[in-house]
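J.: File final32.cif follows (mmCIF, N, CA and C atoms):
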```cif
data_work
#
loop_
_atom_site.label_atom_id
_atom_site.label_comp_id
_atom_site.auth_asym_id
_atom_site.auth_seq_id
_atom_site.Cartn_x
_atom_site.Cartn_y
_atom_site.Cartn_z
N MET A 1 -0.13 -26.33 49.63
CA MET A 1 -1.56 -26.18 49.51
C MET A 1 -2.02 -24.75 49.83
N ARG A 2 -1.26 -23.76 49.48
CA ARG A 2 -1.65 -22.37 49.70
C ARG A 2 -1.89 -21.71 48.35
N GLU A 3 -2.87 -20.82 48.32
CA GLU A 3 -3.25 -20.13 47.10
C GLU A 3 -2.89 -18.65 47.22
N ILE A 4 -2.29 -18.09 46.19
CA ILE A 4 -1.95 -16.67 46.19
C ILE A 4 -3.19 -15.88 45.78
N VAL A 5 -3.55 -14.88 46.59
CA VAL A 5 -4.71 -14.04 46.30
C VAL A 5 -4.32 -12.58 46.34
N LYS A 6 -5.12 -11.75 45.69
CA LYS A 6 -4.89 -10.31 45.66
C LYS A 6 -5.94 -9.64 46.53
N LEU A 7 -5.51 -8.76 47.44
CA LEU A 7 -6.43 -7.98 48.26
C LEU A 7 -6.51 -6.59 47.65
N GLU A 8 -7.66 -6.25 47.07
CA GLU A 8 -7.83 -5.00 46.35
C GLU A 8 -8.63 -4.00 47.18
N SER A 9 -8.22 -2.74 47.12
CA SER A 9 -8.86 -1.67 47.90
C SER A 9 -10.29 -1.42 47.44
N THR A 10 -11.18 -1.19 48.41
CA THR A 10 -12.57 -0.86 48.09
C THR A 10 -12.72 0.63 47.78
N ALA A 11 -11.65 1.41 47.94
CA ALA A 11 -11.69 2.84 47.65
C ALA A 11 -11.49 3.13 46.16
N LYS A 12 -11.38 2.08 45.34
CA LYS A 12 -11.24 2.21 43.88
C LYS A 12 -9.99 2.99 43.45
N THR A 13 -8.90 2.84 44.23
CA THR A 13 -7.66 3.51 43.87
C THR A 13 -6.77 2.63 43.00
N GLY A 14 -7.05 1.34 42.94
CA GLY A 14 -6.23 0.43 42.16
C GLY A 14 -5.09 -0.17 42.97
N TYR A 15 -4.96 0.23 44.23
CA TYR A 15 -3.88 -0.29 45.09
C TYR A 15 -4.28 -1.68 45.60
N PHE A 16 -3.29 -2.59 45.69
CA PHE A 16 -3.59 -3.93 46.17
C PHE A 16 -2.40 -4.51 46.92
N TYR A 17 -2.68 -5.47 47.77
CA TYR A 17 -1.68 -6.29 48.46
C TYR A 17 -1.83 -7.71 47.93
N THR A 18 -0.77 -8.50 48.00
CA THR A 18 -0.87 -9.92 47.69
C THR A 18 -0.57 -10.71 48.96
N THR A 19 -1.25 -11.82 49.11
CA THR A 19 -1.06 -12.67 50.26
C THR A 19 -1.43 -14.09 49.88
N THR A 20 -1.25 -15.02 50.80
CA THR A 20 -1.62 -16.41 50.55
C THR A 20 -2.69 -16.81 51.55
N LYS A 21 -3.48 -17.81 51.16
CA LYS A 21 -4.46 -18.35 52.08
C LYS A 21 -4.50 -19.86 51.93
N ASN A 22 -4.86 -20.51 53.00
CA ASN A 22 -4.95 -21.96 53.02
C ASN A 22 -6.21 -22.38 52.28
N LYS A 23 -6.06 -23.17 51.22
CA LYS A 23 -7.20 -23.58 50.41
C LYS A 23 -8.13 -24.53 51.16
N LYS A 24 -7.58 -25.35 52.05
CA LYS A 24 -8.39 -26.36 52.73
C LYS A 24 -9.20 -25.78 53.89
N LYS A 25 -8.60 -24.87 54.67
CA LYS A 25 -9.28 -24.38 55.88
C LYS A 25 -10.17 -23.19 55.64
N GLN A 26 -9.80 -22.28 54.76
CA GLN A 26 -10.56 -21.05 54.57
C GLN A 26 -11.52 -21.21 53.40
N THR A 27 -12.81 -21.08 53.68
CA THR A 27 -13.79 -21.28 52.62
C THR A 27 -14.30 -19.97 52.06
N GLY A 28 -14.43 -18.92 52.89
CA GLY A 28 -14.97 -17.65 52.43
C GLY A 28 -13.90 -16.74 51.87
N LYS A 29 -14.32 -15.55 51.45
CA LYS A 29 -13.38 -14.55 50.93
C LYS A 29 -12.79 -13.75 52.08
N ILE A 30 -11.53 -13.32 51.91
CA ILE A 30 -10.84 -12.54 52.93
C ILE A 30 -11.27 -11.08 52.82
N GLU A 31 -11.58 -10.46 53.96
CA GLU A 31 -11.84 -9.02 54.04
C GLU A 31 -11.02 -8.48 55.19
N VAL A 32 -10.09 -7.58 54.89
CA VAL A 32 -9.16 -7.05 55.88
C VAL A 32 -9.13 -5.54 55.78
N ARG A 33 -8.97 -4.87 56.91
CA ARG A 33 -8.83 -3.42 56.94
C ARG A 33 -7.34 -3.09 56.97
N LYS A 34 -6.83 -2.49 55.87
CA LYS A 34 -5.41 -2.19 55.74
C LYS A 34 -5.23 -0.76 55.24
N TYR A 35 -3.98 -0.33 55.19
CA TYR A 35 -3.64 1.04 54.82
C TYR A 35 -3.53 1.18 53.30
N ASP A 36 -4.17 2.20 52.76
CA ASP A 36 -4.08 2.54 51.34
C ASP A 36 -3.26 3.83 51.23
N PRO A 37 -2.01 3.76 50.76
CA PRO A 37 -1.15 4.95 50.73
C PRO A 37 -1.57 6.00 49.69
N ILE A 38 -2.39 5.64 48.73
CA ILE A 38 -2.81 6.61 47.72
C ILE A 38 -3.75 7.65 48.32
N ILE A 39 -4.70 7.19 49.15
CA ILE A 39 -5.60 8.14 49.81
C ILE A 39 -5.20 8.40 51.26
N ARG A 40 -4.15 7.74 51.72
CA ARG A 40 -3.58 7.90 53.06
C ARG A 40 -4.60 7.64 54.17
N LYS A 41 -5.34 6.54 54.03
CA LYS A 41 -6.32 6.13 55.03
C LYS A 41 -6.37 4.60 55.11
N HIS A 42 -6.92 4.10 56.22
CA HIS A 42 -7.20 2.68 56.33
C HIS A 42 -8.56 2.41 55.71
N VAL A 43 -8.63 1.44 54.82
CA VAL A 43 -9.88 1.07 54.16
C VAL A 43 -9.98 -0.45 54.12
N LYS A 44 -11.14 -0.95 53.75
CA LYS A 44 -11.35 -2.38 53.65
C LYS A 44 -10.78 -2.88 52.32
N PHE A 45 -10.06 -3.99 52.38
CA PHE A 45 -9.52 -4.66 51.21
C PHE A 45 -10.22 -6.00 51.09
N VAL A 46 -10.66 -6.34 49.89
CA VAL A 46 -11.36 -7.60 49.66
C VAL A 46 -10.57 -8.48 48.69
N GLU A 47 -10.78 -9.76 48.81
CA GLU A 47 -10.04 -10.73 48.01
C GLU A 47 -10.53 -10.76 46.57
N LYS A 48 -9.58 -10.74 45.65
CA LYS A 48 -9.85 -10.92 44.22
C LYS A 48 -8.87 -11.97 43.70
N LYS A 49 -9.23 -12.61 42.61
CA LYS A 49 -8.32 -13.58 42.02
C LYS A 49 -7.25 -12.89 41.20
N ILE A 50 -6.04 -13.44 41.21
CA ILE A 50 -4.95 -12.93 40.40
C ILE A 50 -5.12 -13.48 38.99
N LYS A 51 -5.05 -12.63 38.00
CA LYS A 51 -5.24 -13.06 36.61
C LYS A 51 -3.97 -13.58 36.01
#
```
Would you mind giving the structure from this file in C-alpha cells?
T.:
Amino acid sequence: MREIVKLESTAKTGYFYTTTKNKKKQTGKIEVRKYDPIIRKHVKFVEKKIK
C-alpha cells in the first residue's frame, strides 16, 4: 500500500528524488528540504506525480 512519488526541486533545475509514501496515513503533499547538486544548495522539494 505504498505509492511511488517524485520530489522535484523548486529551484527549477529539473533535479528530482524518488521516494514512497503511505497512501492510507499521509493525506497531504510531501515538502522536504534536500540537497540539489546542480546549484549546490539545499532547497525545498515538493511532491509531483510520476508520469
J.: Run DSSP on the backbone and tell me which residues of chain A come out as strand (DSSP E or B); list them as a PyMOL selection string.
T.: chain A and resi 2-9+16-22+31-36+41-48
J.: Convert the current residue selection to file output with N, CA and C atoms, as a compact mmCIF listing (two decimals), in the coordinates of the input.
T.:
```txt
# COMPACT_ATOMS: atom_id res chain seq x y z
N ARG A 2 -1.26 -23.76 49.48
CA ARG A 2 -1.65 -22.37 49.70
C ARG A 2 -1.89 -21.71 48.35
N GLU A 3 -2.87 -20.82 48.32
CA GLU A 3 -3.25 -20.13 47.10
C GLU A 3 -2.89 -18.65 47.22
N ILE A 4 -2.29 -18.09 46.19
CA ILE A 4 -1.95 -16.67 46.19
C ILE A 4 -3.19 -15.88 45.78
N VAL A 5 -3.55 -14.88 46.59
CA VAL A 5 -4.71 -14.04 46.30
C VAL A 5 -4.32 -12.58 46.34
N LYS A 6 -5.12 -11.75 45.69
CA LYS A 6 -4.89 -10.31 45.66
C LYS A 6 -5.94 -9.64 46.53
N LEU A 7 -5.51 -8.76 47.44
CA LEU A 7 -6.43 -7.98 48.26
C LEU A 7 -6.51 -6.59 47.65
N GLU A 8 -7.66 -6.25 47.07
CA GLU A 8 -7.83 -5.00 46.35
C GLU A 8 -8.63 -4.00 47.18
N SER A 9 -8.22 -2.74 47.12
CA SER A 9 -8.86 -1.67 47.90
C SER A 9 -10.29 -1.42 47.44
N PHE A 16 -3.29 -2.59 45.69
CA PHE A 16 -3.59 -3.93 46.17
C PHE A 16 -2.40 -4.51 46.92
N TYR A 17 -2.68 -5.47 47.77
CA TYR A 17 -1.68 -6.29 48.46
C TYR A 17 -1.83 -7.71 47.93
N THR A 18 -0.77 -8.50 48.00
CA THR A 18 -0.87 -9.92 47.69
C THR A 18 -0.57 -10.71 48.96
N THR A 19 -1.25 -11.82 49.11
CA THR A 19 -1.06 -12.67 50.26
C THR A 19 -1.43 -14.09 49.88
N THR A 20 -1.25 -15.02 50.80
CA THR A 20 -1.62 -16.41 50.55
C THR A 20 -2.69 -16.81 51.55
N LYS A 21 -3.48 -17.81 51.16
CA LYS A 21 -4.46 -18.35 52.08
C LYS A 21 -4.50 -19.86 51.93
N ASN A 22 -4.86 -20.51 53.00
CA ASN A 22 -4.95 -21.96 53.02
C ASN A 22 -6.21 -22.38 52.28
N GLU A 31 -11.58 -10.46 53.96
CA GLU A 31 -11.84 -9.02 54.04
C GLU A 31 -11.02 -8.48 55.19
N VAL A 32 -10.09 -7.58 54.89
CA VAL A 32 -9.16 -7.05 55.88
C VAL A 32 -9.13 -5.54 55.78
N ARG A 33 -8.97 -4.87 56.91
CA ARG A 33 -8.83 -3.42 56.94
C ARG A 33 -7.34 -3.09 56.97
N LYS A 34 -6.83 -2.49 55.87
CA LYS A 34 -5.41 -2.19 55.74
C LYS A 34 -5.23 -0.76 55.24
N TYR A 35 -3.98 -0.33 55.19
CA TYR A 35 -3.64 1.04 54.82
C TYR A 35 -3.53 1.18 53.30
N ASP A 36 -4.17 2.20 52.76
CA ASP A 36 -4.08 2.54 51.34
C ASP A 36 -3.26 3.83 51.23
N LYS A 41 -5.34 6.54 54.03
CA LYS A 41 -6.32 6.13 55.03
C LYS A 41 -6.37 4.60 55.11
N HIS A 42 -6.92 4.10 56.22
CA HIS A 42 -7.20 2.68 56.33
C HIS A 42 -8.56 2.41 55.71
N VAL A 43 -8.63 1.44 54.82
CA VAL A 43 -9.88 1.07 54.16
C VAL A 43 -9.98 -0.45 54.12
N LYS A 44 -11.14 -0.95 53.75
CA LYS A 44 -11.35 -2.38 53.65
C LYS A 44 -10.78 -2.88 52.32
N PHE A 45 -10.06 -3.99 52.38
CA PHE A 45 -9.52 -4.66 51.21
C PHE A 45 -10.22 -6.00 51.09
N VAL A 46 -10.66 -6.34 49.89
CA VAL A 46 -11.36 -7.60 49.66
C VAL A 46 -10.57 -8.48 48.69
N GLU A 47 -10.78 -9.76 48.81
CA GLU A 47 -10.04 -10.73 48.01
C GLU A 47 -10.53 -10.76 46.57
N LYS A 48 -9.58 -10.74 45.65
CA LYS A 48 -9.85 -10.92 44.22
C LYS A 48 -8.87 -11.97 43.70
```
J.: Provide the CA of Ile38 in chain A to CA of Arg2 in chain A distance in Å, to one decimal place.
T.: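 If I compute the distance from CA of Ile38 in chain A to CA of Arg2 in chain A, I get 29.1 Å.
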J.: In Å to one decimal, how far is CA of Lys41 in chain A from CA of Thr27 in chain A?
T.: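 Rounded to one decimal, the two atoms are 28.5 Å apart.
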J.: Fewer than 6 positions away in the same chain doesn't count, so skip those; otherwise give me all residues within 6 Å of range 8-15 of chain A, counting all atoms listed in the file, as JSON, numbers by chain.
T.: {"A": [43, 44, 45, 46, 47, 48]}
J.: What does the file look like for those residues with N, CA and C atoms, as a compact mmCIF listing (two decimals), keeping the file's coordinate frame?
T.:
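The new file again-v9.txt reads:
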```
# COMPACT_ATOMS: atom_id res chain seq x y z
N VAL A 43 -8.63 1.44 54.82
CA VAL A 43 -9.88 1.07 54.16
C VAL A 43 -9.98 -0.45 54.12
N LYS A 44 -11.14 -0.95 53.75
CA LYS A 44 -11.35 -2.38 53.65
C LYS A 44 -10.78 -2.88 52.32
N PHE A 45 -10.06 -3.99 52.38
CA PHE A 45 -9.52 -4.66 51.21
C PHE A 45 -10.22 -6.00 51.09
N VAL A 46 -10.66 -6.34 49.89
CA VAL A 46 -11.36 -7.60 49.66
C VAL A 46 -10.57 -8.48 48.69
N GLU A 47 -10.78 -9.76 48.81
CA GLU A 47 -10.04 -10.73 48.01
C GLU A 47 -10.53 -10.76 46.57
N LYS A 48 -9.58 -10.74 45.65
CA LYS A 48 -9.85 -10.92 44.22
C LYS A 48 -8.87 -11.97 43.70
```
J.: Given the file above and the PyMOL selection byres ((chain A and resi 50) around 7), which residues are selected, and can you give them as JSON, numbers by chain?
T.: {"A": [4, 5, 6, 48, 49, 51]}
